[in-house]
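As stored in run.txt (compact mmCIF, C-alpha atoms):
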# COMPACT_ATOMS: atom_id res chain seq x y z
CA MET A 1 -108.54 -21.29 53.36
CA LYS A 2 -105.99 -23.47 55.18
CA LYS A 3 -108.04 -26.55 54.34
CA ILE A 4 -108.03 -25.66 50.64
CA LEU A 5 -104.28 -25.10 50.75
CA CYS A 6 -103.79 -28.45 52.48
CA ASP A 7 -105.97 -30.21 49.88
CA PHE A 8 -103.98 -28.57 47.11
CA ARG A 9 -100.67 -29.74 48.67
CA PHE A 10 -102.08 -33.22 49.03
CA LEU A 11 -103.05 -33.23 45.35
CA LEU A 12 -99.56 -32.06 44.41
CA PHE A 13 -98.09 -34.86 46.49
CA LEU A 14 -100.30 -37.40 44.73
CA ALA A 15 -99.37 -35.98 41.32
CA ALA A 16 -95.68 -36.11 42.20
CA ALA A 17 -96.02 -39.70 43.41
CA ALA A 18 -97.85 -40.65 40.25
CA PHE A 19 -95.17 -38.96 38.13
CA ILE A 20 -92.38 -40.74 39.99
CA TYR A 21 -94.19 -44.08 39.59
CA ILE A 22 -94.69 -43.52 35.87
CA GLN A 23 -91.02 -42.59 35.43
CA MET A 24 -89.93 -45.72 37.27
CA ARG A 25 -92.16 -47.86 35.04
CA LEU A 26 -90.79 -46.18 31.96
CA PHE A 27 -87.25 -46.73 33.17
CA ALA A 28 -87.96 -50.39 33.82
CA THR A 29 -89.55 -50.79 30.37
CA GLN A 30 -86.61 -49.05 28.68
CA SER A 31 -84.18 -51.25 30.57
CA GLN A 32 -86.03 -54.36 29.41
CA TYR A 33 -86.09 -52.98 25.83
CA ALA A 34 -82.38 -52.19 26.03
CA ASP A 35 -81.66 -55.70 27.31
CA ARG A 36 -83.71 -57.21 24.47
CA LEU A 37 -82.03 -54.92 21.92
CA ALA A 38 -78.61 -55.95 23.24
CA ASP A 39 -79.64 -59.59 22.99
CA ALA A 40 -80.86 -59.02 19.42
CA ILE A 41 -77.63 -57.29 18.46
CA GLU A 42 -75.62 -60.08 20.03
CA SER A 43 -77.71 -62.65 18.12
CA GLU A 44 -77.24 -60.70 14.88
CA ASP A 45 -73.49 -60.59 15.47
CA GLN A 46 -73.48 -64.34 16.04
CA CYS A 47 -75.48 -64.89 12.82
CA THR A 48 -73.14 -62.60 10.87
CA SER A 49 -70.14 -64.44 12.25
CA GLN A 50 -71.67 -67.79 11.36
CA LEU A 51 -72.57 -66.52 7.89
CA ARG A 52 -69.02 -65.29 7.30
CA THR A 53 -67.67 -68.64 8.46
CA LEU A 54 -70.05 -70.40 6.08
CA ILE A 55 -68.99 -68.14 3.18
CA ASP A 56 -65.34 -68.84 3.96
CA GLN A 57 -66.05 -72.57 3.97
CA ILE A 58 -67.90 -72.36 0.65
CA SER A 59 -65.06 -70.33 -0.89
CA LEU A 60 -62.56 -72.87 0.35
CA GLN A 61 -64.62 -75.70 -1.12
CA GLN A 62 -64.98 -73.84 -4.42
CA GLY A 63 -61.21 -73.67 -4.59
CA GLN A 64 -61.11 -77.44 -4.30
CA ILE A 65 -63.60 -78.32 -7.00
CA VAL A 66 -62.38 -81.19 -9.09
CA SER A 67 -62.49 -80.62 -12.85
CA LEU A 68 -62.77 -83.49 -15.29
CA GLU A 69 -60.37 -83.39 -18.23
CA GLY A 70 -60.89 -86.00 -20.92
CA LYS A 71 -61.59 -89.35 -19.25
CA GLY A 72 -59.66 -88.82 -16.01
CA LEU A 73 -59.74 -86.60 -12.99
CA GLY A 74 -58.15 -83.24 -13.51
CA ARG A 75 -56.20 -81.22 -11.05
CA LEU A 76 -57.81 -79.33 -8.17
CA ILE A 77 -58.69 -75.73 -8.90
CA ASP A 78 -57.04 -73.96 -5.99
CA LYS A 79 -57.03 -70.39 -7.21
CA GLU A 80 -59.10 -67.95 -9.20
CA GLN A 81 -59.14 -68.60 -12.95
CA VAL A 82 -57.09 -66.06 -14.90
CA PRO A 83 -58.79 -65.44 -18.26
CA VAL A 84 -56.97 -66.51 -21.40
CA ALA A 85 -58.60 -63.69 -23.36
CA ALA A 86 -61.71 -61.57 -23.44
CA VAL A 87 -63.91 -62.28 -26.46
CA VAL A 88 -65.66 -59.27 -27.96
CA ILE A 89 -68.30 -59.34 -30.68
CA MET A 90 -68.32 -56.05 -32.57
CA ALA A 91 -71.89 -55.08 -33.47
CA CYS A 92 -73.81 -52.14 -34.90
CA ASN A 93 -77.25 -52.46 -36.46
CA ARG A 94 -77.85 -56.12 -37.38
CA ALA A 95 -79.79 -57.75 -34.55
CA ASP A 96 -80.51 -60.94 -36.50
CA TYR A 97 -76.83 -61.38 -37.36
CA LEU A 98 -75.82 -60.71 -33.76
CA GLU A 99 -78.21 -63.36 -32.48
CA ARG A 100 -76.76 -65.96 -34.85
CA THR A 101 -73.21 -65.08 -33.79
CA VAL A 102 -73.92 -65.07 -30.05
CA LYS A 103 -75.69 -68.44 -30.25
CA SER A 104 -72.72 -69.92 -32.11
CA VAL A 105 -70.24 -68.55 -29.56
CA LEU A 106 -72.26 -69.59 -26.49
CA LYS A 107 -72.56 -73.12 -27.86
CA TYR A 108 -68.85 -73.63 -27.19
CA GLN A 109 -68.04 -70.81 -24.73
CA SER A 110 -70.32 -71.82 -21.86
CA SER A 111 -67.98 -74.57 -20.64
CA VAL A 112 -64.96 -72.24 -20.72
CA ALA A 113 -66.66 -68.97 -19.74
CA SER A 114 -64.18 -68.20 -16.96
CA LYS A 115 -61.29 -68.48 -19.42
CA PHE A 116 -63.01 -66.50 -22.18
CA PRO A 117 -65.42 -63.87 -20.76
CA LEU A 118 -67.77 -62.68 -23.49
CA PHE A 119 -68.60 -59.08 -24.43
CA VAL A 120 -70.79 -57.45 -27.06
CA SER A 121 -69.70 -53.96 -28.07
CA GLN A 122 -72.32 -52.01 -29.99
CA ASP A 123 -71.51 -48.95 -32.04
CA GLY A 124 -74.49 -46.62 -31.92
CA SER A 125 -77.95 -46.95 -30.41
CA HIS A 126 -79.87 -49.32 -32.69
CA PRO A 127 -82.58 -50.44 -30.21
CA ALA A 128 -83.03 -53.99 -31.52
CA VAL A 129 -79.31 -54.72 -31.22
CA LYS A 130 -79.14 -53.36 -27.68
CA GLU A 131 -82.25 -55.31 -26.67
CA LYS A 132 -80.85 -58.51 -28.17
CA ALA A 133 -77.47 -58.11 -26.47
CA LEU A 134 -79.05 -57.36 -23.08
CA SER A 135 -81.26 -60.45 -23.37
CA TYR A 136 -78.22 -62.68 -22.68
CA ASP A 137 -77.10 -63.08 -19.09
CA GLN A 138 -73.89 -64.79 -20.22
CA LEU A 139 -72.24 -61.67 -21.64
CA THR A 140 -71.34 -58.09 -20.80
CA TYR A 141 -72.80 -55.33 -22.98
CA MET A 142 -70.78 -52.26 -23.99
CA GLN A 143 -72.15 -49.31 -25.96
CA HIS A 144 -70.11 -46.84 -28.01
CA LEU A 145 -71.97 -43.58 -28.55
CA ASP A 146 -69.99 -41.27 -30.83
CA TYR A 147 -71.65 -38.05 -31.92
CA GLU A 148 -68.56 -36.45 -33.41
CA PRO A 149 -69.06 -35.72 -37.15
CA VAL A 150 -67.08 -37.87 -39.60
CA HIS A 151 -65.00 -36.12 -42.22
CA THR A 152 -63.76 -38.49 -44.91
CA GLU A 153 -60.33 -37.87 -46.39
CA ARG A 154 -61.39 -38.60 -49.98
CA PRO A 155 -64.64 -37.90 -51.85
CA GLY A 156 -67.03 -40.83 -52.13
CA GLU A 157 -65.67 -42.78 -49.18
CA LEU A 158 -68.10 -44.64 -46.95
CA ILE A 159 -68.46 -43.04 -43.53
CA ALA A 160 -68.99 -46.53 -42.09
CA TYR A 161 -65.28 -47.40 -42.35
CA TYR A 162 -64.39 -44.35 -40.24
CA LYS A 163 -67.00 -45.18 -37.60
CA ILE A 164 -65.81 -48.82 -37.48
CA ALA A 165 -62.23 -47.71 -36.81
CA ARG A 166 -63.38 -45.41 -33.97
CA HIS A 167 -65.45 -48.22 -32.49
CA TYR A 168 -62.55 -50.69 -32.56
CA LYS A 169 -60.24 -48.28 -30.77
CA TRP A 170 -62.84 -47.47 -28.12
CA ALA A 171 -63.68 -51.14 -27.48
CA LEU A 172 -60.07 -52.35 -27.35
CA ASP A 173 -59.01 -49.46 -25.12
CA GLY A 174 -61.84 -50.40 -22.77
CA LEU A 175 -61.05 -54.11 -22.65
CA PHE A 176 -57.30 -53.66 -22.25
CA TYR A 177 -57.17 -50.59 -20.01
CA LYS A 178 -60.49 -50.49 -18.15
CA HIS A 179 -61.08 -54.23 -17.74
CA ASN A 180 -57.35 -54.98 -17.72
CA PHE A 181 -57.30 -58.09 -19.94
CA SER A 182 -53.94 -59.29 -21.22
CA ARG A 183 -55.38 -60.57 -24.51
CA VAL A 184 -58.52 -59.93 -26.55
CA ILE A 185 -60.15 -62.01 -29.30
CA ILE A 186 -62.06 -59.87 -31.78
CA LEU A 187 -65.10 -61.25 -33.59
CA GLU A 188 -67.65 -59.50 -35.76
CA ASP A 189 -71.41 -59.84 -35.60
CA ASP A 190 -71.60 -61.99 -38.75
CA MET A 191 -69.43 -64.94 -37.70
CA GLU A 192 -69.89 -68.49 -36.53
CA ILE A 193 -67.12 -70.36 -34.75
CA ALA A 194 -65.72 -73.91 -34.93
CA PRO A 195 -66.03 -76.45 -32.08
CA ASP A 196 -62.31 -76.14 -31.25
CA PHE A 197 -62.22 -72.34 -31.52
CA PHE A 198 -61.42 -71.75 -27.86
CA ASP A 199 -58.92 -74.61 -27.54
CA TYR A 200 -57.14 -73.26 -30.61
CA PHE A 201 -56.75 -69.80 -29.11
CA GLU A 202 -55.82 -71.11 -25.67
CA SER A 203 -53.01 -73.20 -27.17
CA THR A 204 -51.68 -70.41 -29.40
CA ALA A 205 -51.79 -67.81 -26.60
CA ALA A 206 -48.45 -69.13 -25.34
CA LEU A 207 -46.91 -68.51 -28.77
CA LEU A 208 -48.19 -64.95 -28.72
CA ASP A 209 -46.55 -64.40 -25.34
CA LYS A 210 -43.23 -66.09 -26.06
CA ASP A 211 -42.54 -65.02 -29.65
CA LYS A 212 -42.60 -61.25 -30.11
CA SER A 213 -42.24 -61.70 -33.88
CA ILE A 214 -45.89 -62.86 -33.85
CA MET A 215 -48.18 -59.83 -33.99
CA ALA A 216 -51.50 -61.67 -33.69
CA VAL A 217 -53.16 -65.07 -34.01
CA SER A 218 -56.01 -65.44 -36.49
CA SER A 219 -58.68 -68.09 -36.97
CA TRP A 220 -58.99 -67.25 -40.67
CA ASN A 221 -57.47 -68.39 -43.96
CA ASP A 222 -58.26 -66.19 -46.96
CA ASN A 223 -57.81 -69.23 -49.21
CA GLY A 224 -59.84 -71.42 -46.86
CA GLN A 225 -62.48 -72.42 -49.40
CA LYS A 226 -63.53 -76.09 -49.33
CA GLN A 227 -61.53 -76.98 -52.44
CA PHE A 228 -58.28 -75.51 -51.08
CA VAL A 229 -58.04 -77.02 -47.58
CA HIS A 230 -57.64 -80.48 -46.10
CA ASP A 231 -55.81 -80.82 -42.76
CA PRO A 232 -57.43 -79.12 -39.71
CA LYS A 233 -54.27 -79.60 -37.62
CA VAL A 234 -51.97 -77.55 -39.86
CA LEU A 235 -51.01 -73.99 -38.90
CA TYR A 236 -48.89 -71.48 -40.81
CA ARG A 237 -47.08 -68.23 -40.23
CA SER A 238 -48.06 -65.44 -42.63
CA ASP A 239 -46.79 -61.96 -43.47
CA PHE A 240 -50.36 -60.93 -44.34
CA PHE A 241 -52.82 -59.94 -41.59
CA PRO A 242 -55.90 -62.19 -42.03
CA GLY A 243 -58.32 -60.65 -39.51
CA LEU A 244 -61.82 -62.15 -39.19
CA GLY A 245 -61.49 -63.65 -35.72
CA TRP A 246 -58.11 -62.77 -34.25
CA MET A 247 -56.31 -62.48 -30.92
CA LEU A 248 -54.17 -59.54 -29.88
CA ALA A 249 -51.94 -59.07 -26.82
CA ARG A 250 -52.02 -55.95 -24.67
CA SER A 251 -48.34 -55.21 -25.32
CA THR A 252 -49.09 -54.91 -29.04
CA TRP A 253 -52.17 -52.76 -28.41
CA ASP A 254 -50.02 -50.42 -26.30
CA GLU A 255 -48.10 -49.74 -29.48
CA LEU A 256 -51.07 -49.54 -31.88
CA SER A 257 -53.61 -47.57 -29.84
CA PRO A 258 -51.89 -44.15 -29.91
CA LYS A 259 -51.57 -44.21 -33.71
CA TRP A 260 -54.78 -46.09 -34.62
CA PRO A 261 -56.02 -44.98 -38.06
CA LYS A 262 -59.12 -42.95 -38.84
CA ALA A 263 -60.42 -45.65 -41.21
CA TYR A 264 -59.58 -48.95 -42.94
CA TRP A 265 -57.88 -50.32 -39.82
CA ASP A 266 -57.37 -53.82 -41.30
CA ASP A 267 -55.48 -52.60 -44.37
CA TRP A 268 -53.54 -50.25 -42.09
CA LEU A 269 -52.33 -53.27 -40.12
CA ARG A 270 -51.10 -54.79 -43.39
CA LEU A 271 -48.68 -51.94 -44.00
CA LYS A 272 -45.05 -52.79 -43.21
CA GLU A 273 -44.63 -49.54 -41.30
CA ASN A 274 -47.20 -50.86 -38.81
CA HIS A 275 -46.63 -54.60 -38.63
CA LYS A 276 -42.85 -54.03 -38.81
CA ASP A 277 -42.16 -57.43 -40.39
CA ARG A 278 -43.95 -59.26 -37.59
CA GLN A 279 -46.10 -62.18 -38.67
CA PHE A 280 -49.44 -63.80 -37.97
CA ILE A 281 -50.46 -67.35 -37.11
CA ARG A 282 -53.27 -68.73 -39.26
CA PRO A 283 -54.87 -72.17 -39.69
CA GLU A 284 -55.24 -74.12 -42.90
CA VAL A 285 -58.91 -74.77 -42.08
CA CYS A 286 -60.82 -71.74 -40.77
CA ARG A 287 -62.12 -71.59 -37.20
CA THR A 288 -64.58 -68.85 -38.12
CA TYR A 289 -67.16 -68.60 -40.88
CA ASN A 290 -68.29 -65.22 -42.17
CA PHE A 291 -71.96 -65.30 -43.20
CA GLY A 292 -72.27 -61.52 -43.60
CA GLU A 293 -73.34 -61.04 -47.18
CA HIS A 294 -74.84 -57.66 -46.29
CA GLY A 295 -72.70 -55.13 -44.44
CA SER A 296 -70.27 -52.25 -44.81
CA SER A 297 -68.32 -54.00 -47.57
CA LEU A 298 -71.61 -54.43 -49.47
CA GLY A 299 -71.10 -58.15 -50.01
CA GLN A 300 -67.76 -57.69 -51.77
CA PHE A 301 -66.27 -61.06 -52.81
CA PHE A 302 -68.93 -62.88 -50.74
CA LYS A 303 -70.18 -65.36 -53.32
CA GLN A 304 -66.74 -66.16 -54.70
CA TYR A 305 -64.55 -66.14 -51.62
CA LEU A 306 -66.55 -66.09 -48.35
CA GLU A 307 -69.57 -68.30 -48.91
CA PRO A 308 -67.49 -71.39 -49.92
CA ILE A 309 -65.23 -71.16 -46.83
CA LYS A 310 -64.84 -74.46 -44.96
CA LEU A 311 -65.55 -74.07 -41.23
CA ASN A 312 -63.67 -76.69 -39.26
CA ASP A 313 -65.94 -79.38 -37.82
CA VAL A 314 -63.25 -81.62 -36.29
CA LEU A 315 -62.36 -81.47 -32.59
CA VAL A 316 -58.59 -81.13 -32.69
CA ASP A 317 -56.83 -81.89 -29.40
CA TRP A 318 -54.71 -78.74 -29.41
CA LYS A 319 -53.53 -79.24 -25.83
CA SER A 320 -51.68 -82.40 -26.80
CA MET A 321 -49.95 -80.82 -29.79
CA ASP A 322 -46.46 -79.32 -29.77
CA LEU A 323 -46.75 -75.95 -31.53
CA ASN A 324 -43.14 -74.91 -31.00
CA TYR A 325 -42.47 -75.47 -34.70
CA LEU A 326 -44.28 -72.15 -35.21
CA MET A 327 -41.65 -70.22 -33.23
CA GLU A 328 -39.66 -67.89 -35.46
CA ASP A 329 -36.32 -69.66 -35.03
CA LYS A 330 -37.80 -73.06 -35.95
CA TYR A 331 -40.48 -72.24 -38.47
CA ILE A 332 -38.30 -71.09 -41.34
CA LYS A 333 -36.52 -74.47 -41.42
CA HIS A 334 -39.82 -76.33 -40.94
CA PHE A 335 -41.40 -74.51 -43.89
CA ALA A 336 -38.25 -74.73 -46.04
CA ASP A 337 -38.21 -78.52 -45.65
CA ILE A 338 -41.77 -78.75 -46.94
CA VAL A 339 -41.15 -76.43 -49.90
CA LYS A 340 -37.90 -78.22 -50.77
CA LYS A 341 -39.76 -81.50 -51.31
CA ALA A 342 -42.27 -79.96 -53.74
CA LYS A 343 -41.64 -80.63 -57.43
CA PRO A 344 -41.05 -77.48 -59.56
CA ILE A 345 -43.28 -77.01 -62.61
CA ARG A 346 -43.05 -74.24 -65.22
CA GLY A 347 -44.54 -73.02 -68.45
CA THR A 348 -48.16 -73.00 -69.54
CA ASP A 349 -51.09 -75.22 -68.54
CA LEU A 350 -49.96 -75.15 -64.91
CA VAL A 351 -53.28 -76.45 -63.59
CA LEU A 352 -53.14 -79.45 -65.90
CA LYS A 353 -49.50 -80.15 -65.01
CA ALA A 354 -50.26 -79.95 -61.30
CA ARG A 355 -53.17 -82.33 -61.73
CA ASN A 356 -50.92 -84.90 -63.38
CA ILE A 357 -48.43 -84.89 -60.50
CA GLY A 358 -49.26 -86.88 -57.41
CA GLY A 359 -47.27 -84.94 -54.81
CA ASP A 360 -46.73 -81.32 -53.83
CA VAL A 361 -45.63 -78.87 -56.52
CA ARG A 362 -44.14 -75.39 -56.56
CA ILE A 363 -44.67 -72.76 -59.22
CA GLN A 364 -42.46 -69.70 -59.62
CA TYR A 365 -44.01 -66.29 -60.28
CA ASN A 366 -41.98 -63.26 -61.37
CA ASP A 367 -44.00 -60.30 -60.09
CA GLN A 368 -47.49 -59.27 -58.98
CA PRO A 369 -49.14 -59.45 -62.44
CA ASP A 370 -47.62 -62.90 -62.97
CA PHE A 371 -48.89 -64.03 -59.56
CA GLU A 372 -52.37 -62.71 -60.34
CA ARG A 373 -52.40 -64.62 -63.64
CA ILE A 374 -51.50 -67.91 -61.94
CA ALA A 375 -53.84 -67.32 -58.99
CA ARG A 376 -56.69 -66.68 -61.43
CA GLN A 377 -56.09 -70.07 -63.06
CA PHE A 378 -56.46 -71.91 -59.77
CA GLY A 379 -59.17 -69.64 -58.37
CA ILE A 380 -57.42 -68.37 -55.22
CA PHE A 381 -57.22 -64.77 -53.98
CA GLU A 382 -55.28 -62.53 -56.35
CA GLU A 383 -55.08 -59.50 -54.05
CA TRP A 384 -51.85 -58.00 -52.64
CA LYS A 385 -51.38 -55.36 -49.96
CA ASP A 386 -48.13 -53.42 -49.62
CA GLY A 387 -46.23 -55.96 -51.71
CA VAL A 388 -47.57 -59.06 -49.93
CA PRO A 389 -50.07 -61.57 -51.44
CA ARG A 390 -52.87 -62.74 -49.16
CA THR A 391 -51.75 -65.62 -46.87
CA ALA A 392 -48.11 -65.38 -48.05
CA TYR A 393 -45.04 -66.25 -45.99
CA LYS A 394 -41.73 -65.04 -47.45
CA GLY A 395 -43.63 -64.44 -50.69
CA ILE A 396 -44.94 -68.03 -50.84
CA VAL A 397 -48.67 -68.78 -51.00
CA VAL A 398 -49.67 -72.36 -50.22
CA PHE A 399 -53.04 -74.04 -50.77
CA ARG A 400 -54.41 -77.53 -51.30
CA TYR A 401 -55.38 -78.91 -54.66
CA GLN A 402 -57.01 -82.22 -55.45
CA ILE A 403 -57.72 -82.76 -51.74
CA THR A 404 -54.24 -83.43 -50.29
CA GLN A 405 -51.79 -82.02 -52.84
CA ARG A 406 -50.13 -78.74 -51.88
CA ILE A 407 -49.42 -76.01 -54.41
CA PHE A 408 -46.71 -73.47 -53.50
CA LEU A 409 -46.69 -70.24 -55.49
CA VAL A 410 -43.13 -69.04 -54.98
CA GLY A 411 -41.95 -65.44 -55.28
CA PRO A 412 -38.71 -64.38 -57.05
CA GLY A 413 -36.67 -64.15 -53.84
CA SER A 414 -38.54 -66.65 -51.68
CA LEU A 415 -36.27 -69.67 -52.05
CA VAL A 416 -33.19 -67.61 -51.21
CA GLN A 417 -34.88 -66.43 -47.98
CA LEU A 418 -35.62 -70.04 -47.10
CA GLY A 419 -32.20 -71.32 -48.09
CA VAL A 420 -33.67 -73.66 -50.71
CA SER A 421 -31.93 -74.21 -54.05
CA ASP A 422 -34.01 -73.70 -57.20
CA SER A 423 -33.69 -77.06 -58.90
In structure tokens, how does this file's structure come out?
Amino acid sequence: MKKILCDFRFLLFLAAAAFIYIQMRLFATQSQYADRLADAIESEDQCTSQLRTLIDQISLQQGQIVSLEGKGLGRLIDKEQVPVAAVVIMACNRADYLERTVKSVLKYQSSVASKFPLFVSQDGSHPAVKEKALSYDQLTYMQHLDYEPVHTERPGELIAYYKIARHYKWALDGLFYKHNFSRVIILEDDMEIAPDFFDYFESTAALLDKDKSIMAVSSWNDNGQKQFVHDPKVLYRSDFFPGLGWMLARSTWDELSPKWPKAYWDDWLRLKENHKDRQFIRPEVCRTYNFGEHGSSLGQFFKQYLEPIKLNDVLVDWKSMDLNYLMEDKYIKHFADIVKKAKPIRGTDLVLKARNIGGDVRIQYNDQPDFERIARQFGIFEEWKDGVPRTAYKGIVVFRYQITQRIFLVGPGSLVQLGVSDS
């Protein structure tokens, strides 16, 4: 019995020794593993530190990239580019139109993408439009889903005009307040742009900031048909909101957003109670071309007024031009001097009389029906909104005739406002 007990104790001693040995081996292995893990962590920290140093070096170098301007070296870019304006293409259900517009914009936007970030805002869920917009890596896609029923204010009105107004408010609120842009350029999904579109808006952005009597800058001339334009460098102030490719500042949107209309937003902007006698910059030669024969307006005026529009094809060096003549305190004298030199003509056969005079002419009209009669003879827009003819400044509508000749249709009180004698 004692022998068995002794053998059992001996076995316990061996088991204890084996256990202690195993524990020591495990401890040694864990120590080695811990040392290796510490080494790995230290190596990872060193890699991370080196990577951060490399990123800092790359960022520093990016801030010193030399840009080429014209034929010489430009200045060093030493800070992040502040956008001039966001560019938003308003779309709905025309994928083919959207593709044509995006291609036109990207043709000239790619080189200035940091100055003019591009967005497509779709109203609704048309799958082909969404798919087309998302196929471009160069733009940001926004989608407006509005399931609230539309109640028109008058029988027979198109619901589309109400949905468009909702979409505009949603998109502009998002770009100004969510994305925090200071300016936005609004395009529609049936437009092509001119080669100097972005230079034009970059140069006029300063006017929009400095002169609070300018409500917006437009790329459109309602009387911009080929036969009525000539000089791509000429800009005008107008009391009539042109739309169709226009730039708006956030300060103005702060005022407009809370009272944005339920429908017909463009005609709403043409009411004096909303534009408050502020004016709009417009070019003589359009920087946008509207190819949208089919849309909410059902092709209204397309063949007569939109299809013949001249899209500028000349690269104007806007950065070298002094546009201060468009400031409110200087423009009225600038425009008055031009009108003053035009020869007055009266009576019947005004088109024939204008054709027989080599220089600029001015023609007086007495009221809206009289203006419409004269406009019809020359073939320009007859339409008025809230007492203002399309493109007019101080009641004066100007357009080219016979290539370079300017015709001024002058309202009953226009010359007095300009300080020009009627002789």
Legend entry - Selected residue, from A:Ala375, A:Ile407, A:Leu158, A:Ile380, that lies nearest to Lys353 in chain A when counting only C-alpha atoms: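 For Lys353 in chain A, the nearest of the candidates is A:Ile407.
The shell of residues at most 10 Å from Val388 in chain A, with all atoms listed in the file counted and near chain neighbours (fewer than 3 positions) removed, consists of Ser238, Asp239, Phe240, Phe241, Arg270, Leu271, Lys272, Gln368, Glu383, Trp384, Lys385, Thr391, Ala392, Tyr393, Lys394, Gly395, Ile396 and Val397 of chain A.
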Dump C-alpha atoms for the selected residues as a short mmCIF file (atom, residue, chain, number, x, y, z; two decimals), keeping the file's coordinate frame?
data_model
loop_
_atom_site.label_atom_id
_atom_site.label_comp_id
_atom_site.auth_asym_id
_atom_site.auth_seq_id
_atom_site.Cartn_x
_atom_site.Cartn_y
_atom_site.Cartn_z
CA SER A 238 -48.06 -65.44 -42.63
CA ASP A 239 -46.79 -61.96 -43.47
CA PHE A 240 -50.36 -60.93 -44.34
CA PHE A 241 -52.82 -59.94 -41.59
CA ARG A 270 -51.10 -54.79 -43.39
CA LEU A 271 -48.68 -51.94 -44.00
CA LYS A 272 -45.05 -52.79 -43.21
CA GLN A 368 -47.49 -59.27 -58.98
CA GLU A 383 -55.08 -59.50 -54.05
CA TRP A 384 -51.85 -58.00 -52.64
CA LYS A 385 -51.38 -55.36 -49.96
CA THR A 391 -51.75 -65.62 -46.87
CA ALA A 392 -48.11 -65.38 -48.05
CA TYR A 393 -45.04 -66.25 -45.99
CA LYS A 394 -41.73 -65.04 -47.45
CA GLY A 395 -43.63 -64.44 -50.69
CA ILE A 396 -44.94 -68.03 -50.84
CA VAL A 397 -48.67 -68.78 -51.00
#
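Here CA of Ile185 in chain A stands at a distance of 6.8 Å from CA of Gly245 in chain A.
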Legend entry - Distance of CA of Asp173 in chain A from CA of Pro258 in chain A, expressed in Å to one decimal place: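 Here the two named atoms are 10.1 Å from each other.
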Could the residues of range 115-208 of chain A that have an atom at most 10 Å from range 307-322 of chain A be listed as CSV, each with its closest atom pair and the distance in Å to one decimal, counting all atoms listed in the file and ordered by chain and ascending residue number?
residue,atom,partner,partner_atom,distance
A:Glu192,CA,A:Leu311,CA,8.5
A:Ile193,CA,A:Leu311,CA,7.6
A:Ala194,CA,A:Asn312,CA,5.5
A:Pro195,CA,A:Leu315,CA,6.2
A:Asp196,CA,A:Leu315,CA,5.5
A:Phe197,CA,A:Asn312,CA,9.0
A:Phe198,CA,A:Trp318,CA,9.8
A:Asp199,CA,A:Trp318,CA,6.2
A:Tyr200,CA,A:Trp318,CA,6.1
A:Phe201,CA,A:Trp318,CA,9.2
A:Glu202,CA,A:Lys319,CA,8.4
A:Ser203,CA,A:Lys319,CA,6.2
A:Thr204,CA,A:Trp318,CA,8.9
Inset, instruction - Find, counting only C-alpha atoms, the residue in A:Cys286, A:Ala336, A:Val120, A:Val88 that gets nearest to Val229 in chain A. - result: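 Checking each candidate against Val229 in chain A, we get A:Cys286 as the closest.
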Inset, instruction - Have a look at A:Gln109, A:Asn221, A:Asn290, A:Ser182 and name the one nearest to Ser251 in chain A; count all atoms listed in the file. - result: A:Ser182
As lines of an AutoDock Vina configuration file, please report the centre and edge lengths, rounded to one decimal in Å, of the axis-aligned box that holds all listed atoms of range 320-328 of chain A with 8 Å of padding on each of the six sides.
center_x = -45.7
center_y = -75.1
center_z = -31.1
size_x = 28.0
size_y = 30.5
size_z = 24.7
Legend entry - Selected residue of minimal separation from Tyr177 in chain A among A:Trp253, A:Tyr236, A:Tyr289, A:Tyr141, counting all atoms listed in the file: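 Closest candidate: A:Trp253.
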Legend entry - Nearest residue to Leu248 in chain A from the set A:Leu323, A:Ala263, A:Val129, A:Val217 (distances using only C-alpha atoms): A:Val217
Legend entry - Shell of 12 Å around Asp337 in chain A, only C-alpha atoms, local chain residues under 4 positions omitted, as number ranges by chain: A: 330-333, 341-342, 415, 418-421
Legend entry - Test item: residues at most 12 Å from His179 in chain A, all atoms listed in the file, excluding those fewer than 6 positions along its chain, as a ChimeraX atom specification: /A:83,85-86,117,119,140,142,171-173,250
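Excluding Ala216 in chain A itself and same-chain residues fewer than 4 positions from it, the residues having an atom within 9 Å of it are Leu208, Phe241, Trp246, Met247, Leu248, Ala249, Thr252, Arg278, Gln279, Phe280 and Ile281 of chain A, counting all atoms listed in the file.
Here the question is which of A:Pro412, A:Asp189, A:Lys262, A:Leu244 gets nearest to Val150 in chain A using all atoms listed in the file, and that residue is A:Lys262.
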Using all atoms listed in the file, which protein or nucleic acid residues come within 10 Å of Phe291 in chain A? Drop anything in the same chain fewer than 3 positions from it, and give the result as a compact mmCIF listing (two decimals) with C-alpha atoms, in the frame of the given file.
# COMPACT_ATOMS: atom_id res chain seq x y z
CA TYR A 97 -76.83 -61.38 -37.36
CA ARG A 100 -76.76 -65.96 -34.85
CA THR A 101 -73.21 -65.08 -33.79
CA ASP A 189 -71.41 -59.84 -35.60
CA ASP A 190 -71.60 -61.99 -38.75
CA MET A 191 -69.43 -64.94 -37.70
CA GLU A 192 -69.89 -68.49 -36.53
CA THR A 288 -64.58 -68.85 -38.12
CA HIS A 294 -74.84 -57.66 -46.29
CA GLY A 299 -71.10 -58.15 -50.01
CA PHE A 302 -68.93 -62.88 -50.74
CA LEU A 306 -66.55 -66.09 -48.35
CA GLU A 307 -69.57 -68.30 -48.91
CA ILE A 309 -65.23 -71.16 -46.83
Legend entry - One-decimal distance in Å that lies between CA of Val416 in chain A and CA of Leu350 in chain A: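 Separation of CA of Leu350 in chain A and CA of Val416 in chain A: 22.9 Å.
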